[in-house]
$ cat coords.txt   # compact mmCIF, C-alpha atoms and all ligand atoms
# COMPACT_ATOMS: atom_id res chain seq x y z
CA MET A 1 38.06 41.89 23.68
CA SER A 2 34.58 41.51 22.23
CA GLU A 3 31.94 39.96 24.42
CA SER A 4 31.79 36.75 22.36
CA ASN A 5 35.52 36.20 22.88
CA ALA A 6 35.46 36.91 26.60
CA PRO A 7 36.43 33.90 28.71
CA ARG A 8 33.42 31.85 29.69
CA ASP A 9 32.93 30.00 32.96
CA ARG A 10 33.30 26.28 32.44
CA TYR A 11 30.74 23.62 33.34
CA ALA A 12 30.29 20.00 32.26
CA VAL A 13 28.15 16.92 32.70
CA ILE A 14 30.11 13.84 33.76
CA GLY A 15 28.91 10.25 33.34
CA ASN A 16 29.43 6.93 31.63
CA PRO A 17 28.03 6.66 29.01
CA ILE A 18 27.64 10.36 28.24
CA ALA A 19 27.78 10.94 24.46
CA HIS A 20 23.98 11.13 24.09
CA SER A 21 23.40 13.47 27.02
CA LYS A 22 21.03 16.33 26.22
CA SER A 23 22.46 18.49 29.01
CA PRO A 24 24.99 20.43 26.85
CA LEU A 25 22.20 21.43 24.48
CA ILE A 26 19.86 22.41 27.33
CA HIS A 27 22.48 24.53 29.08
CA ALA A 28 23.55 26.19 25.81
CA ARG A 29 19.91 27.29 25.39
CA PHE A 30 19.78 28.52 28.99
CA ALA A 31 22.99 30.52 28.46
CA GLU A 32 21.54 32.14 25.33
CA GLN A 33 18.28 32.89 27.11
CA THR A 34 19.87 34.47 30.20
CA GLY A 35 23.03 35.96 28.65
CA GLU A 36 25.16 34.17 31.26
CA PRO A 37 28.72 33.68 29.91
CA ILE A 38 29.09 29.93 30.34
CA GLU A 39 30.50 27.06 28.33
CA TYR A 40 29.09 23.57 28.99
CA THR A 41 30.54 20.34 27.65
CA HIS A 42 30.27 16.62 28.34
CA LEU A 43 32.94 14.55 30.02
CA LEU A 44 33.27 10.78 29.83
CA ALA A 45 34.97 9.27 32.88
CA PRO A 46 35.91 5.61 33.20
CA VAL A 47 33.76 3.88 35.83
CA ASP A 48 36.72 3.80 38.23
CA GLY A 49 37.91 7.31 37.36
CA PHE A 50 35.30 9.73 38.66
CA VAL A 51 37.29 11.57 41.34
CA PRO A 52 40.48 12.22 39.28
CA HIS A 53 38.37 13.53 36.41
CA VAL A 54 36.51 15.92 38.69
CA ARG A 55 39.78 17.12 40.25
CA ALA A 56 41.34 17.68 36.80
CA PHE A 57 38.29 19.69 35.74
CA ILE A 58 38.58 21.86 38.87
CA GLU A 59 42.33 22.35 38.23
CA ALA A 60 41.50 23.50 34.71
CA GLY A 61 39.22 26.20 36.13
CA GLY A 62 35.88 24.38 36.04
CA ARG A 63 33.13 26.02 38.09
CA GLY A 64 30.55 23.26 38.35
CA MET A 65 29.29 19.93 37.08
CA ASN A 66 26.21 17.87 36.56
CA VAL A 67 26.70 14.26 37.56
CA THR A 68 24.83 11.38 36.02
CA VAL A 69 24.85 7.56 36.00
CA PRO A 70 26.82 5.87 37.55
CA PHE A 71 28.51 8.57 39.64
CA LYS A 72 25.78 10.21 41.78
CA LEU A 73 26.75 8.31 44.94
CA GLU A 74 30.46 9.05 44.47
CA ALA A 75 29.63 12.72 43.97
CA HIS A 76 27.72 12.64 47.26
CA ALA A 77 30.79 11.16 48.98
CA LEU A 78 33.15 13.69 47.35
CA ALA A 79 31.28 16.87 48.33
CA ASP A 80 32.65 18.91 51.25
CA THR A 81 29.20 20.30 52.00
CA LEU A 82 25.74 19.11 50.99
CA SER A 83 22.36 20.77 50.56
CA PRO A 84 19.65 19.25 52.79
CA ARG A 85 17.92 17.79 49.73
CA ALA A 86 21.16 16.12 48.56
CA ALA A 87 21.75 14.74 52.05
CA ALA A 88 18.19 13.33 52.11
CA ALA A 89 18.55 11.88 48.59
CA GLY A 90 21.91 10.28 49.42
CA ALA A 91 22.98 11.27 45.91
CA VAL A 92 24.33 14.36 44.15
CA ASN A 93 23.61 15.46 40.58
CA THR A 94 25.03 19.00 40.85
CA LEU A 95 28.48 20.08 42.02
CA ARG A 96 29.61 23.68 42.51
CA PHE A 97 33.28 24.47 42.97
CA GLY A 98 34.33 27.52 44.97
CA ALA A 99 36.72 28.89 47.55
CA ASP A 100 34.83 26.92 50.22
CA GLY A 101 35.42 23.61 48.43
CA ILE A 102 33.01 21.30 46.68
CA TYR A 103 29.30 21.89 47.27
CA GLY A 104 26.94 19.02 46.40
CA ASP A 105 23.27 19.46 45.59
CA ASN A 106 20.49 17.36 44.10
CA THR A 107 18.06 19.07 41.75
CA ASP A 108 16.31 15.95 40.41
CA GLY A 109 13.41 16.07 42.85
CA VAL A 110 12.76 19.77 42.40
CA GLY A 111 12.98 19.16 38.65
CA LEU A 112 10.18 16.60 38.87
CA VAL A 113 8.03 18.80 41.07
CA SER A 114 8.54 21.86 38.81
CA ASP A 115 7.62 19.87 35.73
CA ILE A 116 4.44 18.55 37.33
CA GLU A 117 3.36 21.87 38.82
CA ARG A 118 4.67 24.47 36.37
CA ASN A 119 4.72 22.72 33.00
CA LEU A 120 1.83 20.29 33.50
CA GLY A 121 -0.23 22.57 35.73
CA VAL A 122 -1.01 19.96 38.42
CA SER A 123 -0.73 21.20 42.01
CA LEU A 124 0.70 18.73 44.53
CA LYS A 125 -0.73 20.64 47.47
CA GLY A 126 -3.40 18.45 49.03
CA ALA A 127 -2.88 15.78 46.35
CA ARG A 128 -2.85 12.01 46.80
CA ILE A 129 0.43 10.78 45.34
CA LEU A 130 1.55 7.22 44.61
CA LEU A 131 5.29 6.76 44.11
CA LEU A 132 6.34 3.49 42.46
CA GLY A 133 9.91 2.43 43.26
CA ALA A 134 12.25 2.84 46.20
CA GLY A 135 15.70 3.08 44.60
CA GLY A 136 17.86 6.16 44.20
CA ALA A 137 15.47 7.91 41.82
CA ALA A 138 12.54 7.52 44.22
CA ARG A 139 14.52 8.56 47.29
CA GLY A 140 15.60 11.77 45.55
CA VAL A 141 12.05 13.00 45.00
CA VAL A 142 10.44 12.28 48.38
CA LEU A 143 11.57 15.42 50.22
CA PRO A 144 10.79 17.89 47.37
CA MET A 145 7.35 16.27 47.08
CA LEU A 146 6.67 16.56 50.82
CA GLU A 147 7.65 20.23 50.65
CA ARG A 148 4.66 20.77 48.33
CA LEU A 149 2.34 19.62 51.18
CA PRO A 150 0.49 16.69 49.59
CA HIS A 151 -2.35 15.00 51.49
CA THR A 152 -0.99 11.47 51.05
CA LEU A 153 2.21 9.92 49.76
CA THR A 154 2.17 6.16 49.26
CA ILE A 155 5.48 4.52 48.32
CA VAL A 156 5.25 1.08 46.72
CA ASN A 157 8.13 -1.13 45.67
CA ARG A 158 8.71 -4.67 44.35
CA THR A 159 11.03 -5.20 47.32
CA GLN A 160 8.65 -4.11 50.05
CA ALA A 161 11.31 -3.58 52.73
CA LYS A 162 12.97 -0.80 50.70
CA ALA A 163 9.70 1.14 50.53
CA GLU A 164 9.28 0.71 54.28
CA GLU A 165 12.81 2.04 54.84
CA LEU A 166 11.96 5.19 52.86
CA VAL A 167 8.78 5.68 54.89
CA ALA A 168 10.84 5.43 58.09
CA GLN A 169 13.52 7.82 56.78
CA PHE A 170 11.02 10.53 55.83
CA ALA A 171 8.49 10.07 58.67
CA GLY A 172 9.62 13.25 60.43
CA ALA A 173 9.51 15.38 57.27
CA ALA A 174 6.03 14.00 56.46
CA ARG A 175 4.78 14.86 59.95
CA GLU A 176 6.03 18.43 59.54
CA ALA A 177 4.30 18.66 56.15
CA GLY A 178 1.05 17.26 57.55
CA CYS A 179 1.24 14.47 54.96
CA ARG A 180 0.15 10.87 55.47
CA LEU A 181 3.20 8.84 54.40
CA THR A 182 2.75 5.08 54.03
CA GLY A 183 4.24 2.34 51.92
CA GLY A 184 5.27 -1.23 51.29
CA GLY A 185 4.19 -3.71 48.63
CA VAL A 186 1.19 -3.31 46.30
CA ARG A 187 -1.17 -3.97 49.18
CA ALA A 188 -0.17 -0.57 50.59
CA ILE A 189 -2.06 1.08 47.70
CA GLU A 190 -5.19 2.70 49.08
CA PRO A 191 -8.67 2.59 47.55
CA GLY A 192 -9.64 5.32 45.09
CA ALA A 193 -7.78 6.77 42.14
CA TYR A 194 -4.66 8.80 42.95
CA ASP A 195 -4.17 12.36 41.66
CA VAL A 196 -0.57 11.68 40.66
CA ILE A 197 1.26 8.38 40.11
CA VAL A 198 5.02 8.62 39.51
CA ASN A 199 6.94 5.68 38.09
CA ALA A 200 10.43 5.92 39.59
CA THR A 201 11.32 2.28 38.92
CA ALA A 202 13.85 1.25 36.31
CA GLY A 203 11.12 -0.91 34.72
CA SER A 204 10.68 1.21 31.58
CA LEU A 205 14.30 0.53 30.63
CA ASP A 206 13.45 -3.10 29.86
CA ALA A 207 9.79 -2.43 29.00
CA SER A 208 8.41 -4.01 32.16
CA LEU A 209 5.44 -2.65 34.01
CA PRO A 210 5.96 -2.06 37.75
CA ASP A 211 3.53 -3.82 40.08
CA CYS A 212 0.59 -1.55 40.77
CA ASP A 213 -3.14 -1.75 41.35
CA ASP A 214 -5.23 -0.81 38.32
CA ARG A 215 -7.76 0.89 40.60
CA ALA A 216 -5.13 3.51 41.42
CA PHE A 217 -5.58 4.95 37.90
CA GLY A 218 -8.53 7.13 36.96
CA ALA A 219 -9.54 9.80 34.46
CA GLY A 220 -8.29 12.49 36.86
CA THR A 221 -4.89 10.87 37.38
CA LEU A 222 -1.60 12.24 36.08
CA ALA A 223 0.62 9.19 35.43
CA TYR A 224 4.21 10.37 35.20
CA ASP A 225 7.12 8.20 34.06
CA MET A 226 10.57 9.52 34.99
CA MET A 227 11.93 7.79 31.87
CA TYR A 228 11.51 9.36 28.45
CA GLY A 229 11.88 8.41 24.83
CA ALA A 230 10.49 9.16 21.40
CA GLN A 231 7.50 6.93 22.19
CA ALA A 232 5.25 6.64 25.23
CA THR A 233 6.64 4.13 27.77
CA ILE A 234 4.81 0.92 28.66
CA PHE A 235 3.75 2.52 31.97
CA MET A 236 2.24 5.51 30.13
CA ARG A 237 0.41 3.27 27.66
CA HIS A 238 -0.95 1.19 30.54
CA ALA A 239 -2.17 4.32 32.35
CA GLN A 240 -3.83 5.62 29.18
CA THR A 241 -6.09 2.55 29.04
CA PHE A 242 -7.73 3.88 32.25
CA GLY A 243 -8.18 7.36 30.79
CA ALA A 244 -5.29 8.83 32.79
CA ARG A 245 -3.30 11.79 31.52
CA THR A 246 0.37 10.86 31.02
CA ALA A 247 3.78 12.51 30.91
CA ASP A 248 7.33 11.29 30.45
CA GLY A 249 10.48 12.54 32.19
CA LEU A 250 11.78 14.89 29.51
CA GLY A 251 10.38 17.88 31.39
CA MET A 252 12.03 16.68 34.59
CA LEU A 253 15.36 16.57 32.74
CA VAL A 254 14.94 20.18 31.60
CA GLU A 255 13.73 21.44 34.98
CA GLN A 256 16.52 19.74 36.97
CA ALA A 257 18.94 21.45 34.57
CA ALA A 258 17.23 24.81 35.17
CA GLU A 259 17.61 24.36 38.93
CA SER A 260 21.31 23.40 38.53
CA PHE A 261 21.81 26.55 36.44
CA TYR A 262 20.24 28.53 39.27
CA VAL A 263 22.54 26.87 41.84
CA TRP A 264 25.57 27.91 39.79
CA ARG A 265 24.54 31.30 38.44
CA GLY A 266 21.80 32.63 40.74
CA VAL A 267 19.63 33.13 37.63
CA ARG A 268 16.66 30.87 36.89
CA PRO A 269 16.11 30.09 33.20
CA ASP A 270 12.66 29.36 31.75
CA GLY A 271 12.47 25.63 31.03
CA ALA A 272 9.27 25.64 28.97
CA PRO A 273 10.65 26.87 25.59
CA VAL A 274 13.65 24.57 25.88
CA LEU A 275 11.37 21.61 26.64
CA ALA A 276 9.23 22.45 23.61
CA ALA A 277 12.33 22.63 21.37
CA LEU A 278 13.66 19.29 22.67
CA ARG A 279 10.30 17.62 22.19
CA GLU A 280 10.19 18.87 18.62
CA MET A 281 13.72 17.60 17.95
CA MET A 282 12.83 14.17 19.31
CA ARG A 283 9.68 14.07 17.22
CA ALA A 284 11.61 15.02 14.08
CA SER A 285 14.37 12.46 14.65
CA ALA A 286 11.83 9.67 15.31
CA ALA A 287 9.85 10.48 12.15
P1 LIG B 301 17.50 4.17 40.38
O1 LIG B 301 18.67 4.99 40.85
O2 LIG B 301 17.16 4.35 38.93
O3 LIG B 301 16.32 4.32 41.26
P2 LIG B 301 17.98 1.65 41.66
O4 LIG B 301 18.45 2.33 42.90
O5 LIG B 301 18.70 0.44 41.16
O6 LIG B 301 18.02 2.64 40.44
O7 LIG B 301 16.43 1.32 41.83
C1 LIG B 301 15.69 0.71 40.81
C2 LIG B 301 14.23 0.70 41.23
O8 LIG B 301 13.45 0.14 40.16
C3 LIG B 301 13.94 -0.16 42.45
O9 LIG B 301 12.82 0.37 43.11
C4 LIG B 301 13.61 -1.50 41.79
O10 LIG B 301 12.85 -2.37 42.61
P3 LIG B 301 13.59 -3.36 43.67
O11 LIG B 301 13.99 -2.47 44.82
O12 LIG B 301 12.56 -4.34 44.04
O13 LIG B 301 14.77 -3.93 42.94
C5 LIG B 301 12.79 -1.02 40.64
N1 LIG B 301 12.69 -1.97 39.51
C6 LIG B 301 13.65 -2.28 38.61
N2 LIG B 301 13.16 -3.12 37.69
C7 LIG B 301 11.86 -3.34 37.99
C8 LIG B 301 10.81 -4.12 37.42
N3 LIG B 301 11.02 -4.83 36.33
N4 LIG B 301 9.59 -4.10 38.02
C9 LIG B 301 9.39 -3.37 39.13
N5 LIG B 301 10.35 -2.61 39.73
C10 LIG B 301 11.56 -2.59 39.16

$ encode --input "coords.txt" --output "structure tokens"
Amino acid sequence: MSESNAPRDRYAVIGNPIAHSKSPLIHARFAEQTGEPIEYTHLLAPVDGFVPHVRAFIEAGGRGMNVTVPFKLEAHALADTLSPRAAAAGAVNTLRFGADGIYGDNTDGVGLVSDIERNLGVSLKGARILLLGAGGAARGVVLPMLERLPHTLTIVNRTQAKAEELVAQFAGAAREAGCRLTGGGVRAIEPGAYDVIVNATAGSLDASLPDCDDRAFGAGTLAYDMMYGAQATIFMRHAQTFGARTADGLGMLVEQAAESFYVWRGVRPDGAPVLAALREMMRASAA
């Protein structure tokens, strides 16, 4: 049998909706780049059909999955074992199937951190970080951020109590990292421009700007929106009026995929060329 006809290990991304997912394209590029013999498809599950679809995929020989909206909490509940970062996030975006059952991991936070540090060249060590939002997306990035040893992490949310809950949950990890972790409503924002501001709210979906303090933005600030699109988000455009550098979440998408690939294959692909290709494709299709 020639190499191209050899059976390939099967992976998929599961979600609803899923047709427009970029993950199959990203993982196909990673497979080419690394020579790993994998096949990666997308799988639409009905909103009440996550578990049977995962089980059927395992039965058919599937080796792992990425999990996206709205199934990350169900994936967390389904896993037999969890990585510490998935346990802290309370959500799973990566499943690995093996003799020891279903392993659940969460690579979203590491994806964000890798994009900021590796692709954008901004070190989080000693940085002052402002995290906007306290939902699932925000919770998933707190621990990976603390592991980079920032000076300060301020979590601000429209519903203040949810930010305070996150501060309480991660107080121990922050102490170990020597990081000042605070949060609440907009009044929790401290004087002076932040080095990094991450928008982890769902605000960009309906073009609304999360509550913030304009003084948090400065010329030395990286303003990062976890959302992405062909155009800059409203949060990015707002940050640009203060001279801040901006980034959207396309790089986070690529880097979380690279980390999932590593979890499955033990080989870490290079995200940068794949990110550049995706960016070019988005630019061309928007033109
Ligand atoms: P996700 O998994 O994407 O984080 P989520 O758990 O529903 O989704 O959380 C959505 C986050 O976006 C929350 O922090 C939410 O704020 P509340 O906790 O106050 O609801 C925030 N959010 C959504 N729409 C927003 C808006 N228009 N302005 C500010 N924050 C918004």

$ residues_around --input "coords.txt" --residues "Asp105 in chain A" --least-positions-apart "2" --cutoff "6 Å" --atoms "all atoms listed in the file" --output "number ranges by chain"
A: 82-83, 86, 92, 94

$ axis_aligned_box --input "coords.txt" --around "ligand LIG 301 (chain B)" --padding-each-side "4 Å" --output "JSON"
{"center_x": 14.0, "center_y": 0.1, "center_z": 40.6, "size_x": 17.3, "size_y": 17.8, "size_z": 16.5}

$ closest_residue --input "coords.txt" --among "A:Tyr11, A:Phe242, A:Trp264, A:Phe50" --to "Met65 in chain A" --atoms "only C-alpha atoms"
A:Tyr11

$ atom_distance --input "coords.txt" --atom1 "CA of Leu124 in chain A" --atom2 "CA of Ala200 in chain A"
16.8 Å

$ residues_around --input "coords.txt" --residues "range 136-147 of chain A" --least-positions-apart "3" --cutoff "8 Å" --atoms "all atoms listed in the file" --output "PDB file with C-alpha atoms, in the frame of the given file"
ATOM      1  CA  ARG A  85      17.920  17.790  49.730  1.00  0.00           C
ATOM      2  CA  ALA A  86      21.160  16.120  48.560  1.00  0.00           C
ATOM      3  CA  ALA A  88      18.190  13.330  52.110  1.00  0.00           C
ATOM      4  CA  ALA A  89      18.550  11.880  48.590  1.00  0.00           C
ATOM      5  CA  GLY A  90      21.910  10.280  49.420  1.00  0.00           C
ATOM      6  CA  ALA A  91      22.980  11.270  45.910  1.00  0.00           C
ATOM      7  CA  ASN A 106      20.490  17.360  44.100  1.00  0.00           C
ATOM      8  CA  ASP A 108      16.310  15.950  40.410  1.00  0.00           C
ATOM      9  CA  GLY A 109      13.410  16.070  42.850  1.00  0.00           C
ATOM     10  CA  VAL A 110      12.760  19.770  42.400  1.00  0.00           C
ATOM     11  CA  LEU A 112      10.180  16.600  38.870  1.00  0.00           C
ATOM     12  CA  VAL A 113       8.030  18.800  41.070  1.00  0.00           C
ATOM     13  CA  LEU A 124       0.700  18.730  44.530  1.00  0.00           C
ATOM     14  CA  LEU A 131       5.290   6.760  44.110  1.00  0.00           C
ATOM     15  CA  LEU A 132       6.340   3.490  42.460  1.00  0.00           C
ATOM     16  CA  GLY A 133       9.910   2.430  43.260  1.00  0.00           C
ATOM     17  CA  PRO A 150       0.490  16.690  49.590  1.00  0.00           C
ATOM     18  CA  LEU A 166      11.960   5.190  52.860  1.00  0.00           C
ATOM     19  CA  PHE A 170      11.020  10.530  55.830  1.00  0.00           C
ATOM     20  CA  ALA A 173       9.510  15.380  57.270  1.00  0.00           C
ATOM     21  CA  ALA A 174       6.030  14.000  56.460  1.00  0.00           C
ATOM     22  CA  ALA A 177       4.300  18.660  56.150  1.00  0.00           C
ATOM     23  CA  CYS A 179       1.240  14.470  54.960  1.00  0.00           C
ATOM     24  CA  ALA A 200      10.430   5.920  39.590  1.00  0.00           C
ATOM     25  CA  THR A 201      11.320   2.280  38.920  1.00  0.00           C
TER      26      THR A 201
END

$ atom_distance --input "coords.txt" --atom1 "CA of Thr68 in chain A" --atom2 "CA of Ala56 in chain A"
17.7 Å

$ closest_residue --input "coords.txt" --among "A:Gly15, A:Gly126, A:Arg10, A:Gly64" --to "Ile38 in chain A" --atoms "all atoms listed in the file"
A:Arg10

$ build_atoms --input "coords.txt" --residues "range 16-27 of chain A" --atoms "all heavy atoms" --output "mmCIF file, keeping the file's coordinate frame"
data_model
loop_
_atom_site.group_PDB
_atom_site.id
_atom_site.type_symbol
_atom_site.label_atom_id
_atom_site.label_comp_id
_atom_site.auth_asym_id
_atom_site.auth_seq_id
_atom_site.Cartn_x
_atom_site.Cartn_y
_atom_site.Cartn_z
ATOM 1 N N ASN A 16 28.945 8.017 32.472
ATOM 2 C CA ASN A 16 29.430 6.930 31.630
ATOM 3 C C ASN A 16 28.291 5.943 31.392
ATOM 4 O O ASN A 16 27.896 5.252 32.337
ATOM 5 C CB ASN A 16 30.607 6.215 32.319
ATOM 6 C CG ASN A 16 31.252 5.180 31.401
ATOM 7 O OD1 ASN A 16 30.608 4.659 30.494
ATOM 8 N ND2 ASN A 16 32.512 4.894 31.640
ATOM 9 N N PRO A 17 27.684 5.910 30.227
ATOM 10 C CA PRO A 17 28.030 6.660 29.010
ATOM 11 C C PRO A 17 27.556 8.097 29.100
ATOM 12 O O PRO A 17 26.762 8.431 29.979
ATOM 13 C CB PRO A 17 27.263 5.903 27.934
ATOM 14 C CG PRO A 17 26.048 5.376 28.647
ATOM 15 C CD PRO A 17 26.501 5.062 30.041
ATOM 16 N N ILE A 18 28.011 8.944 28.161
ATOM 17 C CA ILE A 18 27.640 10.360 28.240
ATOM 18 C C ILE A 18 27.394 10.991 26.865
ATOM 19 O O ILE A 18 26.776 12.061 26.776
ATOM 20 C CB ILE A 18 28.735 11.157 29.012
ATOM 21 C CG1 ILE A 18 28.187 12.474 29.542
ATOM 22 C CG2 ILE A 18 29.993 11.355 28.177
ATOM 23 C CD1 ILE A 18 27.089 12.341 30.562
ATOM 24 N N ALA A 19 27.817 10.316 25.795
ATOM 25 C CA ALA A 19 27.780 10.940 24.460
ATOM 26 C C ALA A 19 26.394 11.442 24.076
ATOM 27 O O ALA A 19 26.261 12.458 23.404
ATOM 28 C CB ALA A 19 28.292 9.959 23.412
ATOM 29 N N HIS A 20 25.326 10.739 24.527
ATOM 30 C CA HIS A 20 23.980 11.130 24.090
ATOM 31 C C HIS A 20 23.282 12.074 25.058
ATOM 32 O O HIS A 20 22.096 12.364 24.907
ATOM 33 C CB HIS A 20 23.133 9.881 23.853
ATOM 34 C CG HIS A 20 23.685 9.045 22.744
ATOM 35 N ND1 HIS A 20 23.681 9.480 21.429
ATOM 36 C CD2 HIS A 20 24.317 7.852 22.737
ATOM 37 C CE1 HIS A 20 24.276 8.574 20.672
ATOM 38 N NE2 HIS A 20 24.675 7.568 21.440
ATOM 39 N N SER A 21 24.019 12.570 26.050
ATOM 40 C CA SER A 21 23.400 13.470 27.020
ATOM 41 C C SER A 21 22.835 14.717 26.341
ATOM 42 O O SER A 21 23.473 15.307 25.468
ATOM 43 C CB SER A 21 24.449 13.904 28.058
ATOM 44 O OG SER A 21 23.919 14.944 28.854
ATOM 45 N N LYS A 22 21.648 15.117 26.765
ATOM 46 C CA LYS A 22 21.030 16.330 26.220
ATOM 47 C C LYS A 22 21.421 17.565 27.044
ATOM 48 O O LYS A 22 21.049 18.677 26.703
ATOM 49 C CB LYS A 22 19.511 16.181 26.225
ATOM 50 C CG LYS A 22 19.019 15.029 25.344
ATOM 51 C CD LYS A 22 17.514 15.102 25.181
ATOM 52 C CE LYS A 22 16.932 13.836 24.579
ATOM 53 N NZ LYS A 22 17.673 13.286 23.452
ATOM 54 N N SER A 23 22.153 17.356 28.127
ATOM 55 C CA SER A 23 22.460 18.490 29.010
ATOM 56 C C SER A 23 23.251 19.608 28.333
ATOM 57 O O SER A 23 22.942 20.787 28.557
ATOM 58 C CB SER A 23 23.193 17.991 30.270
ATOM 59 O OG SER A 23 22.319 17.185 31.020
ATOM 60 N N PRO A 24 24.279 19.314 27.494
ATOM 61 C CA PRO A 24 24.990 20.430 26.850
ATOM 62 C C PRO A 24 24.061 21.306 26.013
ATOM 63 O O PRO A 24 24.157 22.541 26.062
ATOM 64 C CB PRO A 24 26.043 19.718 25.972
ATOM 65 C CG PRO A 24 26.310 18.427 26.707
ATOM 66 C CD PRO A 24 24.959 18.002 27.241
ATOM 67 N N LEU A 25 23.136 20.666 25.306
ATOM 68 C CA LEU A 25 22.200 21.430 24.480
ATOM 69 C C LEU A 25 21.270 22.286 25.363
ATOM 70 O O LEU A 25 21.036 23.469 25.097
ATOM 71 C CB LEU A 25 21.380 20.434 23.664
ATOM 72 C CG LEU A 25 20.518 20.956 22.547
ATOM 73 C CD1 LEU A 25 20.470 19.888 21.449
ATOM 74 C CD2 LEU A 25 19.120 21.252 23.002
ATOM 75 N N ILE A 26 20.777 21.686 26.430
ATOM 76 C CA ILE A 26 19.860 22.410 27.330
ATOM 77 C C ILE A 26 20.566 23.627 27.938
ATOM 78 O O ILE A 26 20.029 24.743 27.933
ATOM 79 C CB ILE A 26 19.342 21.470 28.447
ATOM 80 C CG1 ILE A 26 18.473 20.342 27.849
ATOM 81 C CG2 ILE A 26 18.577 22.252 29.510
ATOM 82 C CD1 ILE A 26 18.122 19.238 28.846
ATOM 83 N N HIS A 27 21.790 23.420 28.418
ATOM 84 C CA HIS A 27 22.480 24.530 29.080
ATOM 85 C C HIS A 27 22.935 25.599 28.072
ATOM 86 O O HIS A 27 23.014 26.789 28.424
ATOM 87 C CB HIS A 27 23.635 24.012 29.936
ATOM 88 C CG HIS A 27 23.158 23.426 31.230
ATOM 89 N ND1 HIS A 27 22.757 24.199 32.292
ATOM 90 C CD2 HIS A 27 22.936 22.140 31.605
ATOM 91 C CE1 HIS A 27 22.339 23.418 33.281
ATOM 92 N NE2 HIS A 27 22.443 22.152 32.889
#
